[in-house]
Amino acid sequence: MIKRFRMFMLIISVFAAMGLIYGCGSSTKEGTTQIVTPGPEPIPAPDGNLQAAITGVTVNSPAVVTFTLRDQDGNPLDPNALIADTANSGRVRFYIAQIGADGTYRNYIKNGSDNPTNDSGGTFTTVSPGVYTYTFGTDITKNPIYNPSLTHTVVAQIQRNRTSPVGTTFQQAVNPYFNFRPDGQPVTVTREIVAVSNCNECHGKLGAHGGGRRDTAFCIICHNAELVDSTTGNSIDFKVLIHKIHMGKRLPSNKAGGDFTIGTSDFGDVTYPFMSGDDTITGTPVQCTKCHRQGRDAAGKNYGKDIDKYKVASKANCMTCHDTTSLDGGATVIVKNGATPLTVPASPHPGGVLTPTAGCAGCHQPTGAEFGSSITGAHTVAEQSSVFTGINFQILSVSNATPGNAPSVTFKVTDNSGAPVSLTANGASFNLKFGYAATDYTNNLMENYGQPLSQSVSTATDNGDGTFTMTFSKAIPANATGIGVVGMEGRKNYTVVSVVKGTKTVQIGGKAVQVYVDLATGAMVSDPTKTRRRSVDINKCNMCHTRLTLHGANRVDSIEECVICHNPDATDKGRRPTDGSATADGLTERSIHFKTLIHGIHSGENLSNKPFIVYGYGGSINDFSDITYPRDRRECNACHIDNTTSALPLPDGALGTTTSTGAKANDNADNVRIQPITATCTSCHDSANTATHVADKVSSGRETCLQCHTTGLLLGADNAHFPVR
């Protein structure tokens with residue numbers, strides 16, 4: 001159960017067949033308010049969703065909405081019939097609100113708890129097949145806040161459940177919306193601050209409150225400045241809610257002992273995936289433009305007219321993240337653990353005490369110098385600033401790369417201007433690796449636990465022309481065959497001078513690069529079909545992580561570099577206690593094979609067998625059991641290049657995953673392995689039922705998985721890994 005994201009995710013469940021359970025897992029038209037003849041129908045959604053658009057609104061007494069509604073195949077879908085389909089949770093609901101003088105929404109229709117809700121008592125009328133009207137049951141003109149000269153928004157919540165090929169339920173939902181002024185004048189005021197397309201880069205398909213609310217244009221109608229959680233008293237204004245949720249465990253009030261809770265859902269340990277060499281901002285939503293930039297609504301139309309509103313400094317905006325900062329000079333502030341108030345030490349406002357008449361904008365201008373006091377300056381990311389002048393690795397040639405010989409590599413390192421980068425200055429730590437593979441890397445008889453040869457370039461020979469040459473101190477094993485890989489990676493220190501944080505050192509790495517050689521001849525190989533297969537797209541990783549930077553910023557933005565070390569024979573045994581003392585997870589070693597590691601990390605708190613701990617260098621303990629993954633894990637192509645790289649059968653020659661290294665740490669001859677398909681599936685499907693199923697279907701080292709789980713079959717990954725939305 002993804003308890004931290006229950007407002008955004010449905011509870012993930014997949015098929016019980018074969019014993020595998022707990023799976024991986026609108027349109028805007030502004031202007032006149034007259035009912036108009038609908039234009040061209042929306043293009044059928046590529047994901048087989050419902051199709052709907054609001055085409056006009058009139059407000060007399062009461063409001064009347066004209067809209068189109070069709071099913072996934074383009075057939076007219078009568079709203080009354082959809083509502084009557086209670087077995088499939090059919091809904092057609094309408095909401096209406098105005099943008100007040102303060103720039104935020106105010107709702108006309110509220111429930112008994114004074115919270116925004118949908119209209120009730122209205123009626124539907126068929127204009128023509130696929131075209132309908134909804135007449136509101138509530139007359140908004142009788143409401144004291146009614147002002148026909150203000151922007152109004154009508155939004156619909158239209159949804160139903162469907163059944164996937166394997167019998168699991170998934171949801172169709174659309175949220176068409178329409179901005180208008182009841183007086184018939186053009187709309188000039190909008191509130192398009194965050195586009196749902198930006199949210200969906202991480203969330204896949206955002207769906208709150210059961211999944212039927214999928215567009216931020218809908219969210220902001222209800223989540224306005226008036227809305228307060230009745231259980232905890234916490235504000236659930238959209239900016240407060242989203243900023244605090246995404247700050248998660250890095251939210252100052254949570255770090256101080258609080259726990260940001262809405263209703264019964266606590267978000268105090270949400271793990272935000274942003275990565276940086278600056279550890280003070282890693283895991284925070286400091287990169288404002290991740291959300292606040294132009295994008296598209298759920299119907300694919302441009303959205304974001306008002307994105308620059310995030311640059312307005314105010315207590316209401318800034319305190320959503322900096323929520324223990326004292327603006328009045330007080331030594332303490334009140335935070336909450338659920339509904340319980342807690343008094344905690346305050347962080348002093350770096351700009352001093354604010355008087356009652358002082359505003360924030362005097363110091364915090366919308367834009368300004370990097371790392372300064374402006375909104376954009378204070379949220380500068382070092383890797384995206386002028387401080388980082390670039391680290392560009394280039395491997396020029398490889399010689400002597402045949403079995404029994406120590407390979408030599410000629411390379412250069414430059415900044416973005418093309419100038420040489422010192423191999424030793426400013427904490428530079430650049431390294432070369434050499435590994436080898438047939439289908440998968442094994443690096444057998446090189447270093448322990450499947451690791452490649454790895455060597456610092458600090459002692460490389462300067463060739464006097466901006467290039468360097470380094471010869472590995474160890475030879476390639478005499479019996480090595482297949483394709484060799486040379487990888488180059490590393491980082492150096494950069495100095496950041498921040499108005500708020502002072503002077504600090506930030507480690508930033510350059511994008512790792514690789515070249516390949518034929519071990520039989522030592523010749524360079526450029527044909528991608530002859531190199532280690534690619535299954536994961538780094539650009540997809542960076543949809544969430546922004547810049548994948550790991551191991552102290554040494555390894556950056558290259559899955560091809562990751563898999564050299566994180567291969568089928570790789571485990572963390574060499575980092576675990578050797579004195580017989582108990583380990584944190586009770587294991588003697590854990591596989592760090594890339595697929596096992598990454599599936600396990602991203603499954604995080606949804607794993608059945610916890611803790612999921614990987615020992616790091618120096619014996620550090622990395623527990624990934626609380627990772628909160630923001631989308632349906634069955635959506636394999638969130639990471640994989642395409643369906644061919646995430647489904648069965650696996651490529652010929654794919655190796656099983658080592659679970660026990662045996663007596664010879666650098667020789668895989670005595671390793672104990674689990675079969676390759678089993679290793680893939682059980683990295684997510686780790687329940688006891690799955691283990692029983694695997695034991696039944698894998699015998700004498702032979703996997704029979706392909707009988708049922710091949711692509712195209714009912715239980716193939718293309719059908720079984722069917723997202724809930």
# chains A, B, ... in the order shown; residues from 1 in each chain; ligands from 1
>>> residues_around(residues="region 221-236 of chain A", least_positions_apart="5", cutoff="7 Å", atoms="only C-alpha atoms", output="list in words")
Ala97, Thr104, Tyr105, Asn115, Pro116, Leu241, Thr261, Ile262, Gly263, Gly338 and Ala339 of chain A
>>> select_by_dssp(residues="region 279-476 of chain A", states="strand (DSSP E or B)", output="VMD selection string")
chain A and resid 295 to 296 302 to 303 325 to 326 332 to 337 340 to 345 347 to 348 392 to 399 408 to 414 420 429 to 437 441 453 to 456 461 to 462 468 to 471
>>> closest_residue(among="A:Thr117, A:Asn107, A:Ser386, A:Thr216", to="Glu192 (chain A)", atoms="only C-alpha atoms")
A:Thr216
>>> residues_around(residues="region 608-623 of chain A", least_positions_apart="2", cutoff="9 Å", atoms="only C-alpha atoms", output="PyMOL selection string")
chain A and resi 22+571-577+584-585+589-592+597+600-601+604-606+625-627+684-688
>>> write_last_selection(atoms="N, CA and C atoms", output="tab-separated table (two decimals), in the first residue's frame")
chain	number	residue	atom	x	y	z
A	22	TYR	N	-0.17	-8.88	-5.83
A	22	TYR	CA	0.46	-7.61	-5.49
A	22	TYR	C	1.42	-7.20	-6.58
A	571	THR	N	27.23	-8.46	-5.82
A	571	THR	CA	26.52	-8.45	-4.55
A	571	THR	C	27.22	-7.47	-3.61
A	572	ASP	N	26.60	-7.23	-2.46
A	572	ASP	CA	27.20	-6.30	-1.49
A	572	ASP	C	27.97	-7.03	-0.40
A	573	LYS	N	28.33	-8.29	-0.64
A	573	LYS	CA	28.94	-9.09	0.42
A	573	LYS	C	30.24	-8.48	0.93
A	574	GLY	N	31.03	-7.94	0.06
A	574	GLY	CA	32.31	-7.38	0.49
A	574	GLY	C	32.19	-6.16	1.37
A	575	ARG	N	30.97	-5.64	1.53
A	575	ARG	CA	30.76	-4.45	2.34
A	575	ARG	C	30.05	-4.77	3.65
A	576	ARG	N	29.65	-6.03	3.81
A	576	ARG	CA	28.94	-6.43	5.01
A	576	ARG	C	29.92	-6.90	6.09
A	577	PRO	N	29.46	-7.00	7.31
A	577	PRO	CA	30.35	-7.44	8.40
A	577	PRO	C	30.96	-8.81	8.10
A	584	ALA	N	21.80	-5.95	9.29
A	584	ALA	CA	20.55	-5.26	9.55
A	584	ALA	C	19.34	-5.97	8.95
A	585	ASP	N	19.55	-6.75	7.90
A	585	ASP	CA	18.44	-7.46	7.27
A	585	ASP	C	18.54	-8.97	7.40
A	589	GLU	N	24.56	-11.60	2.13
A	589	GLU	CA	24.82	-10.76	0.97
A	589	GLU	C	23.51	-10.54	0.22
A	590	ARG	N	23.45	-9.43	-0.51
A	590	ARG	CA	22.29	-9.12	-1.32
A	590	ARG	C	22.76	-8.80	-2.74
A	591	SER	N	22.03	-9.31	-3.71
A	591	SER	CA	22.34	-9.00	-5.09
A	591	SER	C	22.18	-7.50	-5.33
A	592	ILE	N	23.12	-6.93	-6.09
A	592	ILE	CA	22.97	-5.56	-6.56
A	592	ILE	C	22.95	-5.54	-8.09
A	597	LEU	N	18.17	-4.57	-8.12
A	597	LEU	CA	18.34	-3.39	-7.28
A	597	LEU	C	17.31	-2.32	-7.60
A	600	GLY	N	13.72	-3.30	-6.87
A	600	GLY	CA	13.53	-3.33	-5.42
A	600	GLY	C	13.46	-1.95	-4.82
A	601	ILE	N	14.36	-1.06	-5.24
A	601	ILE	CA	14.36	0.30	-4.71
A	601	ILE	C	13.04	1.00	-5.04
A	604	GLY	N	10.19	-0.21	-2.98
A	604	GLY	CA	10.28	0.42	-1.67
A	604	GLY	C	9.29	-0.09	-0.66
A	605	GLU	N	8.41	0.80	-0.19
A	605	GLU	CA	7.50	0.43	0.88
A	605	GLU	C	6.43	-0.57	0.44
A	606	ASN	N	6.35	-0.87	-0.86
A	606	ASN	CA	5.37	-1.84	-1.33
A	606	ASN	C	5.89	-3.27	-1.33
A	625	SER	N	13.51	0.78	2.14
A	625	SER	CA	12.18	0.24	2.43
A	625	SER	C	11.10	1.29	2.51
A	626	ASP	N	11.48	2.57	2.61
A	626	ASP	CA	10.45	3.60	2.73
A	626	ASP	C	10.31	4.44	1.46
A	627	ILE	N	10.90	3.97	0.36
A	627	ILE	CA	10.77	4.72	-0.88
A	627	ILE	C	9.30	4.76	-1.31
A	684	CYS	N	10.12	-7.53	-7.89
A	684	CYS	CA	8.90	-6.80	-7.50
A	684	CYS	C	7.91	-7.71	-6.80
A	685	HIS	N	7.68	-8.87	-7.40
A	685	HIS	CA	6.72	-9.84	-6.85
A	685	HIS	C	7.43	-10.69	-5.79
A	686	ASP	N	7.55	-10.16	-4.58
A	686	ASP	CA	8.37	-10.85	-3.57
A	686	ASP	C	7.53	-11.47	-2.46
A	687	SER	N	6.25	-11.68	-2.70
A	687	SER	CA	5.39	-12.24	-1.67
A	687	SER	C	5.61	-13.74	-1.51
A	688	ALA	N	5.06	-14.30	-0.44
A	688	ALA	CA	5.16	-15.73	-0.20
A	688	ALA	C	4.42	-16.52	-1.28
>>> closest_atom_pairs(of="region 188-295 of chain A", to="region 506-510 of chain A", cutoff="9 Å", atoms="only C-alpha atoms", output="JSON lines")
{"residue": "A:Ser276", "atom": "CA", "partner": "A:Ile508", "partner_atom": "CA", "distance": 7.8}
{"residue": "A:Gly277", "atom": "CA", "partner": "A:Gln507", "partner_atom": "CA", "distance": 5.0}
{"residue": "A:Asp278", "atom": "CA", "partner": "A:Val506", "partner_atom": "CA", "distance": 5.3}
{"residue": "A:Asp279", "atom": "CA", "partner": "A:Val506", "partner_atom": "CA", "distance": 8.2}
>>> residues_around(residues="Ala217 (chain A)", least_positions_apart="3", cutoff="8 Å", atoms="only C-alpha atoms", output="ChimeraX atom specification")
/A:177,192,195-196,220-221,297
>>> atom_distance(atom1="CA of Ala52 (chain A)", atom2="CA of Asn175 (chain A)")
7.9 Å
>>> atom_distance(atom1="CA of Val457 (chain A)", atom2="CA of Lys530 (chain A)")
27.6 Å
>>> residues_around(residues="Thr442 (chain A)", least_positions_apart="6", cutoff="9 Å", atoms="only C-alpha atoms", output="VMD selection string")
chain A and resid 435 to 436 450 to 452 564 to 565 567 to 570 655 668
>>> write_last_selection(atoms="C-alpha atoms", output="tab-separated table (two decimals), in the first residue's frame")
chain	number	residue	atom	x	y	z
A	435	GLY	CA	34.71	-4.80	-17.83
A	436	TYR	CA	33.56	-7.45	-20.27
A	450	GLY	CA	31.68	-9.18	-10.32
A	451	GLN	CA	33.38	-5.81	-10.29
A	452	PRO	CA	35.40	-4.46	-13.23
A	564	ILE	CA	29.13	-2.48	-15.75
A	565	CYS	CA	29.27	-2.85	-11.97
A	567	ASN	CA	25.80	-7.02	-13.15
A	568	PRO	CA	24.43	-10.53	-12.45
A	569	ASP	CA	27.43	-11.49	-10.27
A	570	ALA	CA	27.46	-8.29	-8.23
A	655	LEU	CA	22.42	-14.74	-16.99
A	668	ASN	CA	31.78	-17.08	-10.53
>>> closest_residue(among="A:Ser253, A:Ser128, A:Val556, A:Ala401", to="Thr332 (chain A)", atoms="only C-alpha atoms")
A:Ser253
>>> select_by_dssp(residues="region 74-263 of chain A", states="alpha helix (DSSP H)", output="PyMOL selection string")
chain A and resi 79-84+196-203+216-222+238-247+252-255
>>> residues_around(residues="region 484-495 of chain A", least_positions_apart="5", cutoff="8 Å", atoms="only C-alpha atoms", output="MDAnalysis selection string")
chainID A and resid 387:388 391 393 395 401 425:437 503:519 553:556 561
>>> write_last_selection(atoms="C-alpha atoms", output="short mmCIF file (atom, residue, chain, number, x, y, z; two decimals), in the first residue's frame")
data_model
loop_
_atom_site.label_atom_id
_atom_site.label_comp_id
_atom_site.auth_asym_id
_atom_site.auth_seq_id
_atom_site.Cartn_x
_atom_site.Cartn_y
_atom_site.Cartn_z
CA VAL A 387 29.16 27.71 -11.41
CA PHE A 388 29.23 24.36 -13.17
CA ILE A 391 33.02 18.08 -17.24
CA PHE A 393 34.88 12.97 -20.90
CA ILE A 395 37.78 8.32 -24.71
CA ALA A 401 42.66 -4.70 -25.05
CA ALA A 425 42.76 20.04 -8.96
CA ASN A 426 39.67 20.96 -6.91
CA GLY A 427 39.10 17.49 -5.54
CA ALA A 428 38.91 15.93 -9.00
CA SER A 429 38.20 12.21 -8.87
CA PHE A 430 38.15 10.74 -12.37
CA ASN A 431 38.29 7.01 -13.02
CA LEU A 432 38.49 4.50 -15.83
CA LYS A 433 36.83 1.09 -15.73
CA PHE A 434 37.29 -2.02 -17.80
CA GLY A 435 34.71 -4.80 -17.83
CA TYR A 436 33.56 -7.45 -20.27
CA ALA A 437 30.40 -9.25 -21.29
CA THR A 503 30.09 29.58 0.96
CA LYS A 504 29.95 25.85 0.43
CA THR A 505 31.55 23.15 -1.68
CA VAL A 506 29.39 21.15 -4.06
CA GLN A 507 30.50 17.97 -5.83
CA ILE A 508 29.34 17.78 -9.44
CA GLY A 509 30.11 14.99 -11.87
CA GLY A 510 30.29 14.77 -15.62
CA LYS A 511 28.19 12.42 -17.73
CA ALA A 512 29.89 9.02 -17.82
CA VAL A 513 30.94 7.72 -21.24
CA GLN A 514 31.83 4.29 -22.62
CA VAL A 515 33.54 2.74 -25.63
CA TYR A 516 33.56 -0.93 -26.58
CA VAL A 517 36.21 -3.30 -27.94
CA ASP A 518 36.19 -6.78 -29.45
CA LEU A 519 38.30 -8.86 -27.07
CA ALA A 553 28.26 12.44 -7.92
CA ASN A 554 30.86 10.10 -9.44
CA ARG A 555 28.41 8.35 -11.77
CA VAL A 556 26.12 10.58 -13.74
CA GLU A 561 27.91 2.86 -16.83
#
>>> closest_residue(among="A:Gly258, A:Gly248, A:Pro165, A:Gly210", to="Pro273 (chain A)", atoms="only C-alpha atoms")
A:Gly248
>>> closest_residue(among="A:Val166, A:Val194, A:Ile145, A:Ala378", to="Val497 (chain A)", atoms="only C-alpha atoms")
A:Ala378
